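Reproduced below: my_file36.tsv, with TSV, C-alpha atoms.
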```tsv
chain	number	residue	atom	x	y	z
W	1	MET	CA	66.11	39.60	-15.77
W	2	SER	CA	63.36	41.70	-14.24
W	3	ALA	CA	63.82	44.09	-11.33
W	4	ASP	CA	62.83	41.29	-8.96
W	5	GLY	CA	65.44	38.92	-10.35
W	6	LEU	CA	62.89	36.83	-12.25
W	7	PRO	CA	63.29	35.86	-15.89
W	8	ALA	CA	60.75	37.79	-17.93
W	9	ARG	CA	60.53	34.81	-20.22
W	10	VAL	CA	62.50	31.61	-20.74
W	11	PRO	CA	62.93	30.90	-24.45
W	12	ALA	CA	60.70	28.02	-25.54
W	13	GLY	CA	63.59	26.30	-27.24
W	14	ARG	CA	65.77	25.84	-24.17
W	15	GLN	CA	66.87	22.24	-23.98
W	16	ASP	CA	67.17	22.10	-20.17
W	17	LEU	CA	63.52	22.88	-19.48
W	18	PRO	CA	61.00	20.15	-18.64
W	19	ARG	CA	58.93	18.96	-21.59
W	20	ASN	CA	55.44	17.57	-21.86
W	21	ARG	CA	54.54	14.27	-23.51
W	22	ALA	CA	54.30	15.94	-26.92
W	23	GLY	CA	57.85	17.24	-26.52
W	24	GLU	CA	56.84	20.88	-26.13
W	25	ALA	CA	59.20	22.96	-24.01
W	26	LEU	CA	57.66	24.57	-20.96
W	27	SER	CA	58.24	28.28	-20.74
W	28	PHE	CA	58.04	30.54	-17.76
W	29	TRP	CA	56.61	34.03	-17.49
W	30	THR	CA	55.78	36.63	-14.88
W	31	ASP	CA	52.61	38.67	-14.59
W	32	MET	CA	53.30	41.66	-12.38
W	33	GLN	CA	50.11	42.90	-10.81
W	34	LYS	CA	49.23	46.44	-9.76
W	35	LEU	CA	50.63	47.04	-6.29
W	36	LEU	CA	47.90	47.51	-3.72
W	37	SER	CA	48.21	48.96	-0.27
W	38	PRO	CA	46.90	46.91	2.68
W	39	GLU	CA	44.05	49.40	2.95
W	40	GLU	CA	43.02	48.88	-0.68
W	41	ILE	CA	43.14	45.12	-0.22
W	42	ALA	CA	41.02	45.27	2.90
W	43	VAL	CA	38.38	47.35	1.10
W	44	SER	CA	38.31	45.02	-1.90
W	45	ALA	CA	37.99	41.96	0.35
W	46	SER	CA	35.11	43.31	2.41
W	47	GLY	CA	31.84	41.49	1.86
W	48	GLU	CA	33.45	38.62	-0.05
W	49	GLY	CA	31.82	35.25	0.70
W	50	SER	CA	32.15	33.42	4.00
W	51	THR	CA	35.41	33.51	5.94
W	52	ASN	CA	35.80	29.74	6.38
W	53	ARG	CA	34.59	26.69	4.48
W	54	LEU	CA	34.33	23.14	5.81
W	55	PRO	CA	35.28	20.20	3.55
W	56	ALA	CA	32.65	18.63	1.35
W	57	ALA	CA	31.45	15.19	2.42
W	58	ARG	CA	32.68	13.81	-0.94
W	59	VAL	CA	35.95	15.74	-1.00
W	60	PHE	CA	38.13	12.69	-1.71
W	61	ALA	CA	35.83	11.32	-4.41
W	62	ASP	CA	35.79	14.70	-6.13
W	63	ARG	CA	39.57	14.83	-5.86
W	64	ALA	CA	39.88	11.35	-7.35
W	65	ALA	CA	37.69	12.33	-10.30
W	66	ARG	CA	39.77	15.42	-10.94
W	67	LEU	CA	43.01	13.41	-10.78
W	68	ARG	CA	41.67	10.93	-13.34
W	69	THR	CA	40.82	13.79	-15.68
W	70	LEU	CA	44.23	15.40	-15.23
W	71	ALA	CA	45.98	12.08	-15.87
W	72	GLU	CA	44.72	11.89	-19.47
W	73	GLY	CA	47.67	12.58	-21.75
W	74	HIS	CA	49.81	13.82	-18.86
W	75	ALA	CA	53.52	12.97	-18.71
W	76	MET	CA	52.94	11.87	-15.10
W	77	GLY	CA	49.71	10.07	-15.89
W	78	ASP	CA	50.58	6.87	-14.03
W	79	PHE	CA	51.39	8.78	-10.86
W	80	LEU	CA	48.19	10.82	-11.07
W	81	LEU	CA	46.13	7.66	-11.58
W	82	PHE	CA	47.72	6.10	-8.52
W	83	ALA	CA	46.93	9.27	-6.56
W	84	ALA	CA	43.34	9.01	-7.82
W	85	ARG	CA	43.03	5.42	-6.57
W	86	LEU	CA	44.44	6.45	-3.21
W	87	ALA	CA	41.98	9.35	-2.97
W	88	GLN	CA	39.08	7.03	-3.84
W	89	ALA	CA	40.21	4.64	-1.09
W	90	GLN	CA	40.26	7.60	1.31
W	91	GLN	CA	36.63	8.33	0.40
W	92	THR	CA	35.65	4.71	1.02
W	93	LEU	CA	37.20	4.78	4.48
W	94	LEU	CA	35.67	8.17	5.27
W	95	ASP	CA	32.22	6.92	4.29
W	96	ARG	CA	32.58	3.89	6.54
W	97	ARG	CA	33.45	5.92	9.63
W	98	PRO	CA	30.70	6.87	12.08
W	99	PRO	CA	30.25	10.64	12.44
W	100	ALA	CA	32.90	12.16	14.67
W	101	ALA	CA	31.86	13.91	17.86
W	102	PRO	CA	32.50	17.67	17.78
W	103	PRO	CA	34.71	19.30	20.43
W	104	ASP	CA	32.87	20.61	23.50
W	105	SER	CA	31.39	24.09	23.27
W	106	ALA	CA	33.67	25.59	25.94
W	107	TRP	CA	36.77	24.53	23.99
W	108	LEU	CA	35.33	25.87	20.75
W	109	GLY	CA	34.59	29.17	22.44
W	110	ARG	CA	38.15	29.56	23.70
W	111	CYS	CA	39.51	28.71	20.28
W	112	ARG	CA	37.33	31.31	18.58
W	113	GLN	CA	38.29	33.93	21.15
W	114	HIS	CA	42.03	33.40	20.84
W	115	GLY	CA	42.28	32.37	17.19
W	116	MET	CA	43.35	28.80	17.98
W	117	PRO	CA	42.60	25.77	15.79
W	118	PRO	CA	40.12	23.49	17.61
W	119	LEU	CA	41.47	20.36	15.86
W	120	ASP	CA	45.11	21.20	16.55
W	121	ALA	CA	47.16	18.74	14.52
W	122	GLN	CA	50.46	19.48	16.23
W	123	GLY	CA	49.38	19.05	19.83
W	124	ALA	CA	46.44	16.65	19.66
W	125	PRO	CA	46.97	12.92	20.31
W	126	LEU	CA	46.69	10.54	17.40
W	127	PRO	CA	43.24	8.91	17.09
W	128	ALA	CA	43.20	5.44	18.57
W	129	ASP	CA	42.38	3.78	15.24
W	130	TRP	CA	44.83	5.72	13.09
W	131	ARG	CA	47.03	2.65	12.42
W	132	ASP	CA	43.95	0.68	11.34
W	133	VAL	CA	43.17	3.40	8.80
W	134	LEU	CA	46.77	3.31	7.59
W	135	LEU	CA	46.69	-0.47	7.13
W	136	ALA	CA	43.36	-0.31	5.31
W	137	LEU	CA	44.69	2.32	2.90
W	138	ALA	CA	47.84	0.28	2.37
W	139	ALA	CA	45.78	-2.78	1.46
W	140	GLU	CA	43.74	-0.77	-1.04
W	141	ALA	CA	46.74	0.99	-2.58
W	142	ALA	CA	49.27	-1.83	-2.76
W	143	PRO	CA	47.97	-3.54	-5.95
W	144	HIS	CA	48.28	-0.27	-7.89
W	145	ALA	CA	51.37	1.16	-6.19
W	146	PRO	CA	54.86	1.56	-7.66
W	147	ALA	CA	57.25	-1.28	-6.85
W	148	GLY	CA	59.02	0.63	-4.09
W	149	LEU	CA	55.78	1.35	-2.27
W	150	GLN	CA	54.57	-2.22	-2.69
W	151	GLN	CA	57.71	-3.45	-0.96
W	152	ALA	CA	57.25	-0.93	1.87
W	153	VAL	CA	53.61	-1.96	2.32
W	154	GLY	CA	54.76	-5.57	2.61
W	155	GLU	CA	56.99	-4.55	5.53
W	156	LEU	CA	54.44	-2.29	7.20
W	157	ARG	CA	52.96	-4.72	9.69
W	158	ALA	CA	56.42	-5.62	10.95
W	159	VAL	CA	57.39	-1.99	11.59
W	160	PRO	CA	57.26	-1.17	15.34
W	161	ALA	CA	54.19	0.87	16.26
W	162	ALA	CA	56.35	3.52	17.93
W	163	ARG	CA	58.26	4.11	14.69
W	164	ILE	CA	55.09	4.54	12.64
W	165	GLU	CA	53.59	6.81	15.29
W	166	ALA	CA	56.74	8.94	15.24
W	167	LEU	CA	56.39	9.23	11.46
W	168	ALA	CA	52.77	10.36	11.81
W	169	ARG	CA	53.64	12.97	14.43
W	170	ALA	CA	56.48	14.28	12.29
W	171	ILE	CA	54.07	14.68	9.37
W	172	LEU	CA	51.52	16.49	11.53
W	173	ARG	CA	54.18	18.86	12.85
W	174	ALA	CA	55.75	19.39	9.42
W	175	ASP	CA	59.16	18.59	10.88
W	176	GLU	CA	59.85	15.28	9.16
W	177	GLN	CA	63.40	14.48	8.07
W	178	LEU	CA	62.74	11.43	5.97
W	179	ALA	CA	66.13	10.14	4.92
W	180	ASP	CA	65.13	6.56	5.78
W	181	PRO	CA	63.94	4.82	2.58
W	182	LEU	CA	61.15	2.88	4.29
W	183	GLU	CA	59.72	5.93	6.04
W	184	LEU	CA	60.03	7.95	2.85
W	185	ALA	CA	58.06	5.29	0.95
W	186	LEU	CA	55.36	5.03	3.62
W	187	ALA	CA	54.98	8.78	4.21
W	188	PRO	CA	52.33	9.38	1.49
W	189	LEU	CA	50.20	6.54	2.89
W	190	ALA	CA	50.61	7.89	6.43
W	191	GLY	CA	49.68	11.36	5.19
W	192	ALA	CA	46.63	9.98	3.40
W	193	ALA	CA	45.49	8.17	6.56
W	194	LEU	CA	45.88	11.36	8.62
W	195	GLN	CA	43.87	13.27	6.02
W	196	VAL	CA	40.97	10.83	6.43
W	197	LEU	CA	41.00	11.20	10.22
W	198	TRP	CA	41.26	14.98	10.35
W	199	THR	CA	38.76	15.50	7.54
W	200	ALA	CA	36.28	13.31	9.45
W	201	ARG	CA	36.79	15.51	12.51
W	202	ALA	CA	36.39	18.68	10.44
W	203	LEU	CA	33.07	17.41	9.06
W	204	ALA	CA	31.74	17.37	12.65
W	205	LEU	CA	32.23	21.14	12.93
W	206	GLN	CA	29.99	24.03	11.96
W	207	PRO	CA	31.47	26.97	10.03
W	208	GLY	CA	30.90	29.21	13.04
W	209	ASP	CA	33.03	26.92	15.21
W	210	LEU	CA	36.21	28.13	13.53
W	211	PRO	CA	38.08	31.31	14.45
W	212	ALA	CA	37.16	34.06	12.01
W	213	GLY	CA	38.83	37.29	10.97
W	214	PHE	CA	42.40	36.19	11.66
W	215	GLU	CA	43.45	35.58	8.00
W	216	ASP	CA	46.46	33.46	8.92
W	217	SER	CA	48.99	31.43	6.99
W	218	LEU	CA	47.79	28.25	8.76
W	219	CYS	CA	44.44	26.45	8.77
W	220	PRO	CA	41.99	27.83	11.37
W	221	ALA	CA	40.61	24.33	11.94
W	222	CYS	CA	43.77	22.24	12.51
W	223	GLY	CA	46.74	24.59	12.23
W	224	SER	CA	48.29	22.84	9.21
W	225	HIS	CA	49.89	24.45	6.17
W	226	PRO	CA	47.95	25.03	2.95
W	227	VAL	CA	48.54	22.94	-0.12
W	228	ALA	CA	47.59	25.85	-2.39
W	229	SER	CA	44.95	28.55	-2.67
W	230	ILE	CA	41.86	28.44	-4.85
W	231	VAL	CA	39.71	31.15	-6.42
W	232	ARG	CA	36.14	29.91	-6.13
W	233	ILE	CA	32.93	30.53	-8.02
W	234	GLY	CA	29.29	29.98	-7.10
W	235	ASP	CA	27.97	30.01	-3.55
W	236	ALA	CA	31.43	30.68	-2.09
W	237	GLY	CA	31.42	34.10	-3.73
W	238	HIS	CA	32.56	34.66	-7.30
W	239	GLY	CA	36.28	35.34	-7.43
W	240	VAL	CA	36.85	34.88	-3.68
W	241	ARG	CA	40.17	33.29	-2.79
W	242	TYR	CA	40.60	30.64	-0.12
W	243	ALA	CA	43.65	28.74	1.12
W	244	THR	CA	43.07	24.97	1.17
W	245	CYS	CA	44.37	22.95	4.11
W	246	SER	CA	46.77	20.14	3.23
W	247	LEU	CA	45.42	17.98	6.08
W	248	CYS	CA	41.72	18.49	6.87
W	249	ALA	CA	40.61	20.12	3.56
W	250	CYS	CA	39.05	23.12	5.31
W	251	GLU	CA	39.41	26.44	3.52
W	252	TRP	CA	39.91	29.95	4.84
W	253	HIS	CA	39.61	33.29	3.14
W	254	VAL	CA	42.86	34.95	2.07
W	255	THR	CA	43.18	38.27	0.27
W	256	ARG	CA	44.11	38.15	-3.38
W	257	ILE	CA	47.52	39.50	-4.41
W	258	LYS	CA	48.95	38.80	-0.99
W	259	CYS	CA	51.58	36.29	0.10
W	260	VAL	CA	49.83	33.69	2.24
W	261	PRO	CA	52.94	32.61	4.22
W	262	CYS	CA	54.25	36.08	5.15
W	263	HIS	CA	51.30	38.44	4.31
W	264	ASN	CA	53.43	40.72	2.13
W	265	THR	CA	51.46	42.66	-0.51
W	266	ARG	CA	54.22	44.31	-2.51
W	267	GLY	CA	56.04	42.95	-5.54
W	268	ILE	CA	53.83	39.86	-5.84
W	269	ALA	CA	54.31	38.14	-9.21
W	270	TYR	CA	52.57	35.23	-10.92
W	271	LEU	CA	54.21	32.55	-13.03
W	272	ASN	CA	52.78	29.70	-15.09
W	273	LEU	CA	53.68	26.99	-17.57
W	274	GLU	CA	53.48	27.49	-21.31
W	275	GLY	CA	54.00	25.21	-24.28
W	276	GLY	CA	53.97	25.84	-27.97
W	277	ALA	CA	50.16	26.12	-28.00
W	278	GLY	CA	49.91	28.44	-24.99
W	279	ALA	CA	49.32	27.82	-21.30
W	280	LEU	CA	49.48	24.12	-20.43
W	281	HIS	CA	47.57	24.50	-17.17
W	282	PRO	CA	45.70	27.81	-17.49
W	283	ALA	CA	43.95	27.35	-14.13
W	284	VAL	CA	47.21	27.20	-12.15
W	285	LYS	CA	49.78	29.90	-11.43
W	286	ALA	CA	52.50	30.18	-8.85
W	287	GLU	CA	52.25	33.26	-6.66
W	288	THR	CA	55.78	34.37	-5.76
W	289	CYS	CA	56.85	36.75	-3.00
W	290	PRO	CA	60.08	38.79	-3.11
W	291	GLU	CA	60.10	39.14	0.69
W	292	CYS	CA	60.03	35.53	1.94
W	293	ARG	CA	61.03	34.04	-1.44
W	294	GLY	CA	58.13	31.63	-1.10
W	295	SER	CA	55.77	30.38	-3.80
W	296	LEU	CA	52.23	29.12	-3.29
W	297	LYS	CA	50.07	28.02	-6.19
W	298	ILE	CA	46.79	29.73	-6.89
W	299	VAL	CA	44.20	27.57	-8.67
W	300	SER	CA	41.33	29.30	-10.45
W	301	MET	CA	37.86	27.82	-10.82
W	302	GLU	CA	37.13	30.81	-13.03
W	303	LYS	CA	39.50	29.21	-15.55
W	304	ASP	CA	38.36	25.63	-14.88
W	305	PRO	CA	35.24	25.03	-12.75
W	306	MET	CA	36.39	21.47	-11.94
W	307	ALA	CA	39.76	22.55	-10.54
W	308	ASP	CA	40.86	21.16	-7.18
W	309	ALA	CA	43.71	22.70	-5.18
W	310	PHE	CA	45.22	19.36	-4.11
W	311	ALA	CA	44.85	17.55	-7.44
W	312	ASP	CA	45.94	20.45	-9.63
W	313	ASP	CA	48.96	20.96	-7.41
W	314	LEU	CA	50.07	17.38	-8.11
W	315	ALA	CA	49.55	17.84	-11.84
W	316	THR	CA	51.78	20.93	-12.03
W	317	LEU	CA	55.00	19.76	-10.41
W	318	ALA	CA	56.90	21.03	-13.45
W	319	LEU	CA	55.90	24.52	-12.33
W	320	ASP	CA	57.55	23.90	-8.95
W	321	MET	CA	60.77	22.98	-10.76
W	322	LEU	CA	60.82	26.24	-12.66
W	323	VAL	CA	59.90	28.29	-9.61
W	324	ASP	CA	62.81	26.65	-7.79
W	325	GLU	CA	65.14	27.55	-10.66
W	326	ALA	CA	64.03	31.17	-10.28
W	327	GLY	CA	65.11	31.20	-6.62
W	328	PHE	CA	61.82	30.63	-4.80
W	329	HIS	CA	60.94	27.79	-2.45
W	330	ARG	CA	57.70	25.85	-2.49
W	331	ALA	CA	55.46	26.99	0.37
W	332	GLY	CA	52.55	24.63	-0.34
W	333	ARG	CA	52.52	21.25	1.38
W	334	ASN	CA	51.09	18.20	-0.36
W	335	LEU	CA	50.93	15.07	1.79
W	336	PHE	CA	51.24	12.82	-1.27
W	337	LEU	CA	54.71	14.31	-1.91
W	338	PHE	CA	57.77	13.70	0.23
W	339	MET	CA	61.40	14.26	-0.67
W	340	PRO	CA	64.52	12.74	0.93
```

Would you mind writing the file out in structure tokens?
Amino acid sequence: MSADGLPARVPAGRQDLPRNRAGEALSFWTDMQKLLSPEEIAVSASGEGSTNRLPAARVFADRAARLRTLAEGHAMGDFLLFAARLAQAQQTLLDRRPPAAPPDSAWLGRCRQHGMPPLDAQGAPLPADWRDVLLALAAEAAPHAPAGLQQAVGELRAVPAARIEALARAILRADEQLADPLELALAPLAGAALQVLWTARALALQPGDLPAGFEDSLCPACGSHPVASIVRIGDAGHGVRYATCSLCACEWHVTRIKCVPCHNTRGIAYLNLEGGAGALHPAVKAETCPECRGSLKIVSMEKDPMADAFADDLATLALDMLVDEAGFHRAGRNLFLFMP
């Protein structure tokens, strides 16, 4: 065990570790980085790219393409292909929607001044057509869905509107307790519908509409949790790290080698998956924090230019299992994943 209580390496031959389709054991390792003071981090971050990034107009289509690529030869290939079909359906619905109206300038000004998200997911009312979007996604997804979800979709229209609305609000507030089998089955579809609606609203914003300089653990556009962080290349600034919102797909700059949930900068360690031939997903590591015991994945476009925070998070659930075994909890939130 290391000084932080993490295994320096799990032997590749352990029988209790997850295995890939080829039967290779997945090993676990830590990469302790040089400790930086907050002052050093602030200096290194200065001048890096733009502070906030709005979602791309084709964000769901790009995500679907990435999921299809990741599904090839993957032990969870069927699940990733279903997620790809759901993401493609999200893009279809997003393309059909008329452009959303941006918030009024006075509201945007107050949000910028006080660091508040203008598209507040926790306090804002649900869009009037949110159930229509949910039903449309359900119709698209049902033919390709697992049996349990197909049965839940068949019951969806009979579910009282108040119950479905309560599920949506629980998802937006991240306070869902989904012990009910029907709600648990429908939650990914509800999350996908909410993503379409909030991404459409985010596309109506300008980058300058969002609060800047607050480097928070929550999205500056809607106040939701990140799914993961991503190190970008190209026009975003080479090597600049952004957290990616789990709901509206906006991104905000976060300092590298810093815990996104609690902002700690000391003792940060990185863990990834290895098989017999080396790293299985070289673009993805789990950033672990000894203070809050949280873990948020960091996805690197430097390692794979086609990487996507949401898709690559789904494809590396085995890493979450090993991080959990090491005593850390998953801090990223993926709206395609719900546990009882």

Non-local contacts of Asn52 of chain W (7 Å; all atoms listed in the file; under 2 positions in same chain excluded) as a list in words: Ser50, Leu54, Pro207, Glu251, Trp252 and His253 of chain W

Keeping C-alpha atoms, export the residues of the selection given above as an mmCIF file, in the frame of the given file.
```
data_model
loop_
_atom_site.group_PDB
_atom_site.id
_atom_site.type_symbol
_atom_site.label_atom_id
_atom_site.label_comp_id
_atom_site.auth_asym_id
_atom_site.auth_seq_id
_atom_site.Cartn_x
_atom_site.Cartn_y
_atom_site.Cartn_z
ATOM 1 C CA SER W 50 32.150 33.420 4.000
ATOM 2 C CA LEU W 54 34.330 23.140 5.810
ATOM 3 C CA PRO W 207 31.470 26.970 10.030
ATOM 4 C CA GLU W 251 39.410 26.440 3.520
ATOM 5 C CA TRP W 252 39.910 29.950 4.840
ATOM 6 C CA HIS W 253 39.610 33.290 3.140
#
```

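Note that atom CA of Thr265 of chain W and atom CA of Asp324 of chain W are 20.9 Å apart.
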
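Between atom CA of Ala101 of chain W and atom CA of Ala202 of chain W the interatomic distance comes to 9.9 Å.
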
Of W:Leu322, W:Ala57, W:Ala228, W:Leu86, the one sitting nearest Pro143 of chain W when using all atoms listed in the file is W:Leu86

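With all atoms listed in the file as the atoms that count, the residue of W:Asp95, W:Leu80, W:Ala170, W:Val231 with the shortest distance to Phe336 of chain W is W:Leu80.
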
Show me, as a PDB file with C-alpha atoms, in the coordinates of the input, the residues that have an atom within 9 Å of Leu135 of chain W when counting all atoms listed in the file, minus same-chain residues fewer than 2 positions from it.
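Result written to part_24.pdb:
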```pdb
ATOM      1  CA  TRP W 130      44.830   5.720  13.090  1.00  0.00           C
ATOM      2  CA  ARG W 131      47.030   2.650  12.420  1.00  0.00           C
ATOM      3  CA  ASP W 132      43.950   0.680  11.340  1.00  0.00           C
ATOM      4  CA  VAL W 133      43.170   3.400   8.800  1.00  0.00           C
ATOM      5  CA  LEU W 137      44.690   2.320   2.900  1.00  0.00           C
ATOM      6  CA  ALA W 138      47.840   0.280   2.370  1.00  0.00           C
ATOM      7  CA  ALA W 139      45.780  -2.780   1.460  1.00  0.00           C
ATOM      8  CA  GLU W 140      43.740  -0.770  -1.040  1.00  0.00           C
ATOM      9  CA  VAL W 153      53.610  -1.960   2.320  1.00  0.00           C
ATOM     10  CA  LEU W 156      54.440  -2.290   7.200  1.00  0.00           C
ATOM     11  CA  ARG W 157      52.960  -4.720   9.690  1.00  0.00           C
ATOM     12  CA  LEU W 189      50.200   6.540   2.890  1.00  0.00           C
ATOM     13  CA  ALA W 193      45.490   8.170   6.560  1.00  0.00           C
TER      14      ALA W 193
END
```

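The smallest atom-to-atom distance between Pro188 of chain W and any of W:Ala87, W:Cys292, W:Ile257, W:Gly213, using all atoms listed in the file, is found for W:Ala87.
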
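Taking atom CA of Ala65 of chain W and atom CA of Leu203 of chain W as endpoints, the distance between them is 20.5 Å.
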
With all atoms listed in the file as the atoms that count, which of W:Ser295, W:Ser105, W:Thr51, W:Gln91 lies nearest to Gln195 of chain W? W:Gln91

For Arg85 of chain W, find every residue with an atom within 8 Å (counting all atoms listed in the file), except residues of its own chain fewer than 5 positions away, and show them as number ranges by chain. W: 64, 141, 144

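Using only C-alpha atoms, the nearest neighbour of Asp78 of chain W within the list W:Pro146, W:Gly115, W:Pro99, W:Pro127 is W:Pro146.
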
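Here the question is which of W:Ala145, W:Met301, W:Ala212, W:Ala283 gets nearest to Gly234 of chain W using only C-alpha atoms, and that residue is W:Met301.
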
Mind working out the centre and edge lengths of an axis-aligned box for segment 221-235 of chain W, all listed atoms inside, 6 Å added to each side, rounded to one decimal in Å and written as JSON?
```
{"center_x": 38.9, "center_y": 26.7, "center_z": 2.2, "size_x": 33.9, "size_y": 20.9, "size_z": 32.5}
```

Written-out segment 196-272 of chain W (C-alpha atoms) as a JSON list (two decimals), in the first residue's frame:
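Wrote it out as out_18.json, contents follow:
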```json
[["chain", "number", "residue", "atom", "x", "y", "z"],
["W", 196, "VAL", "CA", -31.85, 17.68, -25.02],
["W", 197, "LEU", "CA", -33.83, 20.50, -23.41],
["W", 198, "TRP", "CA", -30.99, 22.05, -21.45],
["W", 199, "THR", "CA", -28.49, 21.69, -24.30],
["W", 200, "ALA", "CA", -30.95, 23.51, -26.57],
["W", 201, "ARG", "CA", -31.14, 26.33, -24.02],
["W", 202, "ALA", "CA", -27.35, 26.44, -23.70],
["W", 203, "LEU", "CA", -27.00, 26.79, -27.47],
["W", 204, "ALA", "CA", -28.95, 30.06, -27.22],
["W", 205, "LEU", "CA", -26.25, 31.59, -25.03],
["W", 206, "GLN", "CA", -23.04, 33.39, -25.91],
["W", 207, "PRO", "CA", -19.81, 32.44, -24.10],
["W", 208, "GLY", "CA", -19.76, 35.85, -22.43],
["W", 209, "ASP", "CA", -23.19, 35.21, -20.92],
["W", 210, "LEU", "CA", -21.75, 32.74, -18.42],
["W", 211, "PRO", "CA", -20.10, 33.69, -15.14],
["W", 212, "ALA", "CA", -16.34, 33.65, -15.55],
["W", 213, "GLY", "CA", -13.45, 33.34, -13.14],
["W", 214, "PHE", "CA", -15.29, 31.35, -10.48],
["W", 215, "GLU", "CA", -13.75, 27.90, -11.28],
["W", 216, "ASP", "CA", -16.44, 25.96, -9.45],
["W", 217, "SER", "CA", -17.29, 22.31, -9.03],
["W", 218, "LEU", "CA", -20.66, 22.88, -10.78],
["W", 219, "CYS", "CA", -21.54, 24.01, -14.29],
["W", 220, "PRO", "CA", -21.62, 27.83, -14.68],
["W", 221, "ALA", "CA", -24.49, 27.51, -17.17],
["W", 222, "CYS", "CA", -26.97, 25.26, -15.34],
["W", 223, "GLY", "CA", -25.44, 24.38, -11.98],
["W", 224, "SER", "CA", -25.25, 20.62, -12.63],
["W", 225, "HIS", "CA", -22.43, 18.25, -11.76],
["W", 226, "PRO", "CA", -19.73, 17.32, -14.27],
["W", 227, "VAL", "CA", -19.64, 13.92, -15.88],
["W", 228, "ALA", "CA", -15.83, 14.08, -16.20],
["W", 229, "SER", "CA", -13.13, 16.52, -17.22],
["W", 230, "ILE", "CA", -11.42, 16.66, -20.59],
["W", 231, "VAL", "CA", -8.01, 17.92, -21.70],
["W", 232, "ARG", "CA", -8.58, 19.60, -25.04],
["W", 233, "ILE", "CA", -6.45, 20.34, -28.07],
["W", 234, "GLY", "CA", -6.85, 22.80, -30.93],
["W", 235, "ASP", "CA", -8.74, 26.08, -30.66],
["W", 236, "ALA", "CA", -9.64, 25.45, -27.00],
["W", 237, "GLY", "CA", -5.97, 25.75, -26.08],
["W", 238, "HIS", "CA", -3.58, 22.81, -26.24],
["W", 239, "GLY", "CA", -3.57, 20.91, -22.97],
["W", 240, "VAL", "CA", -6.26, 23.05, -21.32],
["W", 241, "ARG", "CA", -8.57, 21.13, -19.00],
["W", 242, "TYR", "CA", -12.32, 21.65, -18.85],
["W", 243, "ALA", "CA", -15.04, 20.02, -16.77],
["W", 244, "THR", "CA", -17.94, 18.78, -18.92],
["W", 245, "CYS", "CA", -21.49, 19.27, -17.67],
["W", 246, "SER", "CA", -23.55, 16.10, -17.33],
["W", 247, "LEU", "CA", -26.74, 17.96, -18.33],
["W", 248, "CYS", "CA", -26.22, 20.82, -20.80],
["W", 249, "ALA", "CA", -22.79, 19.79, -22.20],
["W", 250, "CYS", "CA", -21.22, 23.18, -21.46],
["W", 251, "GLU", "CA", -17.61, 23.12, -20.34],
["W", 252, "TRP", "CA", -15.72, 25.27, -17.86],
["W", 253, "HIS", "CA", -12.03, 25.65, -17.24],
["W", 254, "VAL", "CA", -10.60, 23.77, -14.26],
["W", 255, "THR", "CA", -6.97, 23.73, -13.18],
["W", 256, "ARG", "CA", -5.04, 20.56, -13.85],
["W", 257, "ILE", "CA", -3.90, 18.49, -10.86],
["W", 258, "LYS", "CA", -6.73, 19.81, -8.73],
["W", 259, "CYS", "CA", -9.77, 18.03, -7.32],
["W", 260, "VAL", "CA", -12.81, 19.42, -9.11],
["W", 261, "PRO", "CA", -15.34, 18.62, -6.34],
["W", 262, "CYS", "CA", -13.38, 20.01, -3.37],
["W", 263, "HIS", "CA", -10.56, 22.08, -5.00],
["W", 264, "ASN", "CA", -7.80, 20.31, -3.07],
["W", 265, "THR", "CA", -4.39, 20.37, -4.78],
["W", 266, "ARG", "CA", -2.33, 18.10, -2.55],
["W", 267, "GLY", "CA", -1.88, 14.35, -2.82],
["W", 268, "ILE", "CA", -3.77, 14.07, -6.12],
["W", 269, "ALA", "CA", -3.18, 10.68, -7.77],
["W", 270, "TYR", "CA", -4.17, 9.21, -11.13],
["W", 271, "LEU", "CA", -5.28, 5.65, -11.79],
["W", 272, "ASN", "CA", -6.05, 3.80, -15.01]]
```
